[in-house]
Each structure stands twice: as structure tokens, then as C-alpha cells.
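S.K.: So here's my_file.cif, just mmCIF, C-alpha atoms:
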data_model
#
loop_
_atom_site.group_PDB
_atom_site.id
_atom_site.type_symbol
_atom_site.label_atom_id
_atom_site.label_comp_id
_atom_site.auth_asym_id
_atom_site.auth_seq_id
_atom_site.Cartn_x
_atom_site.Cartn_y
_atom_site.Cartn_z
ATOM 1 C CA MET J 14 126.606 -85.914 64.567
ATOM 2 C CA PRO J 15 129.296 -83.288 65.344
ATOM 3 C CA ASP J 16 132.970 -84.117 64.925
ATOM 4 C CA THR J 17 133.901 -85.942 68.121
ATOM 5 C CA ARG J 18 137.510 -84.810 68.377
ATOM 6 C CA ASN J 19 136.660 -81.175 67.674
ATOM 7 C CA THR J 20 133.840 -81.167 70.216
ATOM 8 C CA ARG J 21 136.027 -82.687 72.931
ATOM 9 C CA LYS J 22 138.723 -80.142 72.145
ATOM 10 C CA LYS J 23 136.248 -77.265 72.480
ATOM 11 C CA LEU J 24 134.962 -78.562 75.808
ATOM 12 C CA LEU J 25 138.455 -79.088 77.200
ATOM 13 C CA GLN J 26 139.609 -75.634 76.108
ATOM 14 C CA ALA J 27 136.516 -74.025 77.642
ATOM 15 C CA ALA J 28 137.150 -75.911 80.888
ATOM 16 C CA VAL J 29 140.825 -74.854 80.883
ATOM 17 C CA ASP J 30 139.896 -71.196 80.432
ATOM 18 C CA LEU J 31 137.211 -71.240 83.127
ATOM 19 C CA PHE J 32 139.147 -73.317 85.685
ATOM 20 C CA PHE J 33 142.099 -70.956 85.161
ATOM 21 C CA GLU J 34 139.993 -67.804 85.551
ATOM 22 C CA LYS J 35 137.471 -68.859 88.204
ATOM 23 C CA GLY J 36 138.747 -72.052 89.773
ATOM 24 C CA TYR J 37 137.301 -75.538 89.551
ATOM 25 C CA ALA J 38 134.797 -75.203 92.390
ATOM 26 C CA SER J 39 133.329 -71.945 91.058
ATOM 27 C CA THR J 40 132.819 -73.263 87.527
ATOM 28 C CA SER J 41 129.667 -75.132 86.569
ATOM 29 C CA ILE J 42 129.308 -77.700 83.823
ATOM 30 C CA ARG J 43 126.656 -75.414 82.301
ATOM 31 C CA GLU J 44 129.190 -72.571 82.031
ATOM 32 C CA ILE J 45 131.645 -74.859 80.288
ATOM 33 C CA GLY J 46 129.017 -75.877 77.752
ATOM 34 C CA THR J 47 127.951 -72.282 77.145
ATOM 35 C CA LYS J 48 131.539 -71.137 76.576
ATOM 36 C CA ALA J 49 132.152 -74.034 74.194
ATOM 37 C CA GLY J 50 128.845 -73.461 72.400
ATOM 38 C CA ILE J 51 127.656 -76.964 73.222
ATOM 39 C CA THR J 52 124.380 -77.996 74.874
ATOM 40 C CA ASN J 53 124.444 -79.519 78.363
ATOM 41 C CA SER J 54 122.950 -82.778 77.178
ATOM 42 C CA LEU J 55 125.697 -83.170 74.597
ATOM 43 C CA ILE J 56 128.479 -82.519 77.131
ATOM 44 C CA TYR J 57 127.636 -85.748 78.947
ATOM 45 C CA HIS J 58 128.102 -87.654 75.715
ATOM 46 C CA TYR J 59 131.830 -86.801 75.960
ATOM 47 C CA PHE J 60 132.497 -86.440 79.682
ATOM 48 C CA THR J 61 130.780 -88.128 82.605
ATOM 49 C CA ASN J 62 131.103 -85.080 84.858
ATOM 50 C CA LYS J 63 133.198 -81.999 85.633
ATOM 51 C CA GLU J 64 135.787 -84.056 87.492
ATOM 52 C CA GLU J 65 136.517 -86.046 84.354
ATOM 53 C CA LEU J 66 137.276 -82.787 82.538
ATOM 54 C CA LEU J 67 139.637 -81.753 85.322
ATOM 55 C CA PHE J 68 141.397 -85.101 85.253
ATOM 56 C CA GLU J 69 141.952 -85.004 81.506
ATOM 57 C CA ILE J 70 143.394 -81.479 81.766
ATOM 58 C CA VAL J 71 145.868 -82.216 84.561
ATOM 59 C CA ASN J 72 146.731 -85.673 83.266
ATOM 60 C CA ARG J 73 147.590 -84.225 79.873
ATOM 61 C CA SER J 74 149.799 -81.607 81.535
ATOM 62 C CA VAL J 75 151.748 -84.200 83.527
ATOM 63 C CA GLY J 76 151.939 -86.414 80.447
ATOM 64 C CA ASP J 77 153.541 -83.609 78.445
ATOM 65 C CA LEU J 78 156.063 -83.054 81.234
ATOM 66 C CA LEU J 79 156.978 -86.740 81.371
ATOM 67 C CA GLU J 80 157.451 -86.773 77.614
ATOM 68 C CA ILE J 81 159.846 -83.806 77.818
ATOM 69 C CA LEU J 82 161.856 -85.311 80.666
ATOM 70 C CA LYS J 83 162.151 -88.724 79.005
ATOM 71 C CA GLU J 84 163.169 -87.180 75.689
ATOM 72 C CA VAL J 85 165.951 -85.238 77.424
ATOM 73 C CA MET J 86 167.109 -88.366 79.254
ATOM 74 C CA ARG J 87 167.252 -90.331 76.000
ATOM 75 C CA GLY J 88 169.299 -87.655 74.267
ATOM 76 C CA VAL J 89 171.691 -86.432 76.974
ATOM 77 C CA SER J 90 174.021 -88.847 78.746
ATOM 78 C CA ASP J 91 175.891 -86.387 80.984
ATOM 79 C CA PRO J 92 173.840 -86.169 84.222
ATOM 80 C CA LEU J 93 174.621 -82.507 84.898
ATOM 81 C CA GLU J 94 173.689 -81.362 81.402
ATOM 82 C CA CYS J 95 170.680 -83.673 81.475
ATOM 83 C CA LEU J 96 169.375 -82.086 84.669
ATOM 84 C CA ARG J 97 169.978 -78.613 83.238
ATOM 85 C CA GLN J 98 167.979 -79.406 80.103
ATOM 86 C CA MET J 99 165.229 -81.020 82.167
ATOM 87 C CA LEU J 100 164.876 -77.820 84.193
ATOM 88 C CA ILE J 101 164.846 -75.669 81.066
ATOM 89 C CA GLY J 102 162.331 -77.953 79.350
ATOM 90 C CA GLU J 103 159.960 -77.937 82.318
ATOM 91 C CA THR J 104 160.230 -74.163 82.660
ATOM 92 C CA ALA J 105 159.287 -73.758 79.002
ATOM 93 C CA LEU J 106 156.304 -76.066 79.464
ATOM 94 C CA LEU J 107 155.058 -74.179 82.540
ATOM 95 C CA SER J 108 155.425 -70.771 80.929
ATOM 96 C CA ALA J 109 154.306 -71.427 77.389
ATOM 97 C CA LYS J 110 152.683 -74.601 76.116
ATOM 98 C CA ARG J 111 150.773 -75.535 79.273
ATOM 99 C CA GLN J 112 150.721 -72.348 81.332
ATOM 100 C CA LYS J 113 147.009 -72.429 82.175
ATOM 101 C CA GLU J 114 146.965 -76.191 82.615
ATOM 102 C CA SER J 115 149.966 -75.997 84.960
ATOM 103 C CA LYS J 116 148.192 -73.531 87.231
ATOM 104 C CA ILE J 117 145.155 -75.803 87.254
ATOM 105 C CA LEU J 118 147.340 -78.819 88.023
ATOM 106 C CA PHE J 119 149.027 -77.217 91.017
ATOM 107 C CA SER J 120 145.956 -75.381 92.343
ATOM 108 C CA GLU J 121 143.011 -77.665 91.631
ATOM 109 C CA TYR J 122 144.267 -81.272 91.557
ATOM 110 C CA HIS J 123 143.010 -81.851 95.132
ATOM 111 C CA TRP J 124 139.450 -81.962 93.801
ATOM 112 C CA LEU J 125 140.185 -85.297 92.137
ATOM 113 C CA THR J 126 138.966 -88.387 93.957
ATOM 114 C CA GLY J 127 139.333 -92.150 93.889
ATOM 115 C CA ALA J 128 141.030 -93.735 90.896
ATOM 116 C CA LYS J 129 141.627 -90.389 89.206
ATOM 117 C CA ARG J 130 143.577 -89.030 92.172
ATOM 118 C CA LYS J 131 145.519 -92.293 92.403
ATOM 119 C CA ALA J 132 146.413 -92.170 88.690
ATOM 120 C CA LEU J 133 147.608 -88.575 88.942
ATOM 121 C CA ARG J 134 149.743 -89.359 91.978
ATOM 122 C CA LYS J 135 151.314 -92.237 90.091
ATOM 123 C CA SER J 136 152.309 -89.890 87.258
ATOM 124 C CA GLN J 137 153.583 -87.285 89.718
ATOM 125 C CA ARG J 138 155.654 -89.972 91.407
ATOM 126 C CA GLU J 139 157.167 -90.856 88.043
ATOM 127 C CA VAL J 140 158.259 -87.235 87.602
ATOM 128 C CA TYR J 141 159.728 -87.247 91.117
ATOM 129 C CA ASP J 142 161.615 -90.484 90.452
ATOM 130 C CA ILE J 143 163.164 -89.073 87.275
ATOM 131 C CA TYR J 144 164.568 -86.069 89.123
ATOM 132 C CA MET J 145 165.597 -88.169 92.103
ATOM 133 C CA ASP J 146 167.455 -90.650 89.888
ATOM 134 C CA LYS J 147 169.345 -87.830 88.194
ATOM 135 C CA CYS J 148 170.299 -86.236 91.527
ATOM 136 C CA THR J 149 171.384 -89.651 92.818
ATOM 137 C CA GLU J 150 173.621 -90.094 89.799
ATOM 138 C CA LEU J 151 175.240 -86.718 90.467
ATOM 139 C CA LYS J 152 175.870 -87.720 94.081
ATOM 140 C CA GLN J 153 177.378 -91.050 93.047
ATOM 141 C CA ARG J 154 179.803 -89.204 90.771
ATOM 142 C CA GLY J 155 180.936 -87.082 93.703
ATOM 143 C CA ILE J 156 179.923 -83.726 92.214
ATOM 144 C CA LEU J 157 177.032 -82.964 94.543
ATOM 145 C CA ASN J 158 177.280 -81.110 97.840
ATOM 146 C CA ASP J 159 176.304 -82.883 101.069
ATOM 147 C CA ILE J 160 172.567 -82.357 100.590
ATOM 148 C CA ASP J 161 169.793 -84.791 101.408
ATOM 149 C CA LEU J 162 168.469 -85.997 98.051
ATOM 150 C CA THR J 163 164.813 -85.893 99.092
ATOM 151 C CA VAL J 164 165.181 -82.286 100.258
ATOM 152 C CA LEU J 165 167.026 -81.426 97.053
ATOM 153 C CA THR J 166 164.427 -82.986 94.769
ATOM 154 C CA PHE J 167 161.476 -81.342 96.495
ATOM 155 C CA SER J 168 163.351 -78.026 96.558
ATOM 156 C CA ILE J 169 163.756 -78.220 92.781
ATOM 157 C CA PHE J 170 160.014 -78.788 92.495
ATOM 158 C CA GLY J 171 159.366 -75.832 94.796
ATOM 159 C CA VAL J 172 161.389 -73.495 92.584
ATOM 160 C CA LEU J 173 159.726 -74.757 89.417
ATOM 161 C CA PHE J 174 156.184 -74.800 90.784
ATOM 162 C CA GLY J 175 156.571 -71.276 92.148
ATOM 163 C CA PHE J 176 157.750 -70.021 88.779
ATOM 164 C CA PHE J 177 154.409 -70.205 86.974
ATOM 165 C CA ARG J 178 152.710 -68.235 89.767
ATOM 166 C CA TRP J 179 154.773 -65.095 89.369
ATOM 167 C CA TYR J 180 156.109 -65.171 85.811
ATOM 168 C CA ARG J 181 154.520 -62.835 83.273
ATOM 169 C CA ASP J 182 155.667 -62.702 79.665
ATOM 170 C CA THR J 183 155.145 -58.933 79.717
ATOM 171 C CA GLY J 184 158.035 -58.496 82.172
ATOM 172 C CA SER J 185 161.681 -57.724 81.472
ATOM 173 C CA LEU J 186 162.767 -61.384 81.538
ATOM 174 C CA THR J 187 161.989 -63.929 78.855
ATOM 175 C CA LYS J 188 161.150 -67.475 79.870
ATOM 176 C CA GLU J 189 164.603 -68.476 78.588
ATOM 177 C CA ASP J 190 166.198 -65.891 80.906
ATOM 178 C CA VAL J 191 164.237 -67.245 83.845
ATOM 179 C CA ALA J 192 165.104 -70.851 82.989
ATOM 180 C CA GLU J 193 168.787 -69.933 82.863
ATOM 181 C CA ASN J 194 168.608 -68.266 86.274
ATOM 182 C CA ILE J 195 166.651 -71.143 87.794
ATOM 183 C CA TRP J 196 169.201 -73.768 86.849
ATOM 184 C CA LYS J 197 172.080 -71.548 87.987
ATOM 185 C CA PHE J 198 170.366 -71.129 91.348
ATOM 186 C CA VAL J 199 169.618 -74.844 91.678
ATOM 187 C CA PHE J 200 173.167 -75.829 90.701
ATOM 188 C CA TYR J 201 175.226 -73.141 92.414
ATOM 189 C CA GLY J 202 173.051 -71.411 95.032
ATOM 190 C CA MET J 203 172.999 -67.672 95.557
ATOM 191 C CA LEU J 204 176.331 -67.069 97.323
ATOM 192 C CA LYS J 205 179.708 -66.718 95.622
ATOM 193 C CA SER J 206 181.269 -68.562 98.548
ATOM 194 C CA ARG J 207 180.111 -70.163 101.787
ATOM 195 C CA PRO J 208 180.091 -67.840 104.836
ATOM 196 C CA ASP J 209 182.454 -70.243 106.656
ATOM 197 C CA ASP J 210 184.824 -70.500 103.685
ATOM 198 C CA LYS J 211 188.120 -68.914 104.831
ATOM 199 C CA THR J 212 189.877 -69.294 101.482
#
Show me the file's structure as C-alpha cells.
M.R.:
Amino acid sequence: MPDTRNTRKKLLQAAVDLFFEKGYASTSIREIGTKAGITNSLIYHYFTNKEELLFEIVNRSVGDLLEILKEVMRGVSDPLECLRQMLIGETALLSAKRQKESKILFSEYHWLTGAKRKALRKSQREVYDIYMDKCTELKQRGILNDIDLTVLTFSIFGVLFGFFRWYRDTGSLTKEDVAENIWKFVFYGMLKSRPDDKT
């Protein structure tokens, strides 16, 4: 009997590579087995179907993100610095550790159904609540502009989710450079002063 953990790892990595390159819908379970060097009959010993592979990939990606965010929250009490480190930590995750999985998460999650979709949404909501709570704390301290918190939180997600689509590590900016620019943009906007500021 092959090593269970190693076989699962091979299947998951093959699925990550193929879903990233071809998309979920265009990848067959047979292709995943072939890439992993595992027979079709053996695949079903580890995963019920292709959707289960997709769920484990995206769930692991969101789980890693939640772990990063919670670790930052435990270690940083200042809400502004906490939010900055959360943004930097998520940027690093999207660009390095889980780059392929992040693309799959944002592009292919809609293929999940039933309990799997519900479980993913619950985890995504937890991420949203963490950012929302931190933005709320900033507002309560009187250091946030007059911005609707829901709009602000989703706008932060929009900047972060867009990042993995265009970033290439062969470009002139490192992921640390990009993270620094993202948090500056989120915190301070792009203008040195407001157009209606007469001072």
C-alpha cells in the first residue's frame, strides 16, 4: 500500500498545476492521475471526485490566510500597524506560498456546490469580518476618513485580489515593494491633497 500522505500530496499538487494551467472545467480526473503517476482507480481511494480536490485546494488557501491574519492580530495591538501587517502578510501569501492556489480560489471557486460551497463562504466571511473589525476599530479611534466601512473592506479585497493577476516575480518590483505600495495606497490614497483642499 503506497504512503497515504505522499499520494494525497502528489494528487493535490497535480490538481493545483492543472487547474492553474487549464482551469477546473477543462481538467479531467484522468489527467490529474496521469500527472501524479497514479492510476484512476487509486485516485478514488483518496478523493471522491474532482470537486473534492478543488475544495481541499481552496480551503487550504483560505485556511493559510486566516492563520496569517490571526497571528498578526495576536501579535500587534495597534490597529493601524495591525492592518498594515495583515495587508503585507496576505500579499506575500498571494505572491509566493499560495500563488497558484490563490488564482484557483478566485477563479474557480464557483464550481463548488452544496456543503463545500457553504463551508468556503463561511471561511471567506471570517476573513471579511477580520478586516471589517480592524477598519471599525480605526473608525472608532477617529483616524479614518468618512468612508463607508463595507465599501472600504471590499475595496481592500479588490486591490489584494487583483494583485495576483498581474504580478510577476520577473518584473522590476519585488513582492515586498508591491506590498508596501498597496498599503500606502489603501491608507493614504493616490493624491497628495484633496482637490477641494484650499490649504
S.K.: Pick out the residues sitting within 9 Å of Val191 of chain J, and hand them over as a list of chain:residue names; count all atoms listed in the file, and ignore anything fewer than 4 positions along from it in its own chain.
M.R.: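 So the residues in contact are J:Ile101, J:Thr104, J:Phe176, J:Tyr180, J:Leu186, J:Thr187, J:Ile195, J:Trp196.
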S.K.: Distance atom CA of Glu121 of chain J-atom CA of Leu79 of chain J, one decimal place?
M.R.: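 About the pair atom CA of Glu121 of chain J and atom CA of Leu79 of chain J: they are 19.6 Å apart.
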S.K.: One decimal, in Å: what's the spacing between atom CA of Asp146 of chain J and atom CA of Ile117 of chain J?
M.R.: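 Computing the Euclidean distance for atom CA of Asp146 of chain J and atom CA of Ile117 of chain J yields 26.9 Å.
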S.K.: Residues of segment 59-162 of chain J that have any atom at most 12 Å from an atom of segment 43-50 of chain J: could you tabulate them with the shortest-distance atom pair and the distance in Å to one decimal, using only C-alpha atoms, ordered by chain and increasing number, as a tab-separated table?
M.R.:
residue	atom	partner	partner_atom	distance
J:Tyr59	CA	J:Gly46	CA	11.4
J:Phe60	CA	J:Gly46	CA	11.3
J:Asn62	CA	J:Arg43	CA	10.9
J:Lys63	CA	J:Ile45	CA	9.1
J:Leu66	CA	J:Ile45	CA	10.0
J:Leu67	CA	J:Ile45	CA	11.7
S.K.: Skipping near chain neighbours, those fewer than 3 positions away, what residues fall within 8 Å of Val71 of chain J using only C-alpha atoms, listed as a list in words?
M.R.: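 My list of contacting residues is Leu67, Phe68, Ser74, Val75, Glu114, Ser115, Ile117, Leu118, Tyr122 and Leu133 of chain J.
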S.K.: Determine, counting only C-alpha atoms, which protein, DNA and RNA residues have an atom within 12 Å of an atom of Lys188 of chain J; residues of the same chain fewer than 5 positions away are not included. Present the result as a PyMOL selection string.
M.R.: chain J and resi 100-110+112+176-177+179-183+193-195
S.K.: Since I can't run it myself right now, could you work out what the PyMOL selection byres ((chain J and resi 93-99) around 10) selects here and report it as a PyMOL selection string?
M.R.: chain J and resi 78+81-92+100-105+143-144+147-148+150-151+156-157+192-193+195-197+199-200
S.K.: To one decimal place in Å, what is the distance between atom CA of Phe119 of chain J and atom CA of Phe174 of chain J?
M.R.: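 According to the coordinates, atom CA of Phe119 of chain J and atom CA of Phe174 of chain J are separated by 7.6 Å.
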S.K.: I'd like to know which of J:Thr17, J:Ser168, J:Asn53, J:Thr126 is closest to Glu65 of chain J, using all atoms listed in the file.
M.R.: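 Under the stated criterion, the closest residue is J:Thr126.
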S.K.: Would you write out, as a PyMOL selection string, every residue that the PyMOL selection byres ((chain J and resi 38) around 12) captures in this file?
M.R.: chain J and resi 28+31-37+39-42+63-64+67+117+120-125
S.K.: Out of J:Lys23, J:Arg18, J:Arg130, J:Arg138, which residue has the shortest atom-to-atom distance to Thr166 of chain J when counting all atoms listed in the file?
M.R.: J:Arg138
S.K.: Could you check which of J:Thr20, J:Ser185, J:Asn158, J:Ser136 is closest to Asn72 of chain J, using all atoms listed in the file?
M.R.: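 The answer is J:Ser136, which sits nearest to Asn72 of chain J.
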S.K.: Given 5 Å of margin on each side, can you work out the centre and size in Å (one decimal) of an axis-aligned box holding every listed atom of segment 21-34 of chain J, as lines of an AutoDock Vina configuration file?
M.R.:
center_x = 138.5
center_y = -75.2
center_z = 78.9
size_x = 17.1
size_y = 24.9
size_z = 23.5
S.K.: Mind listing whatever residues come within 8 Å of the point (156.2, -84.1, 92.6)? Use all atoms listed in the file, file coordinates, and give them as a list in words.
M.R.: Gln137, Arg138, Val140, Tyr141, Phe167 and Phe170 of chain J
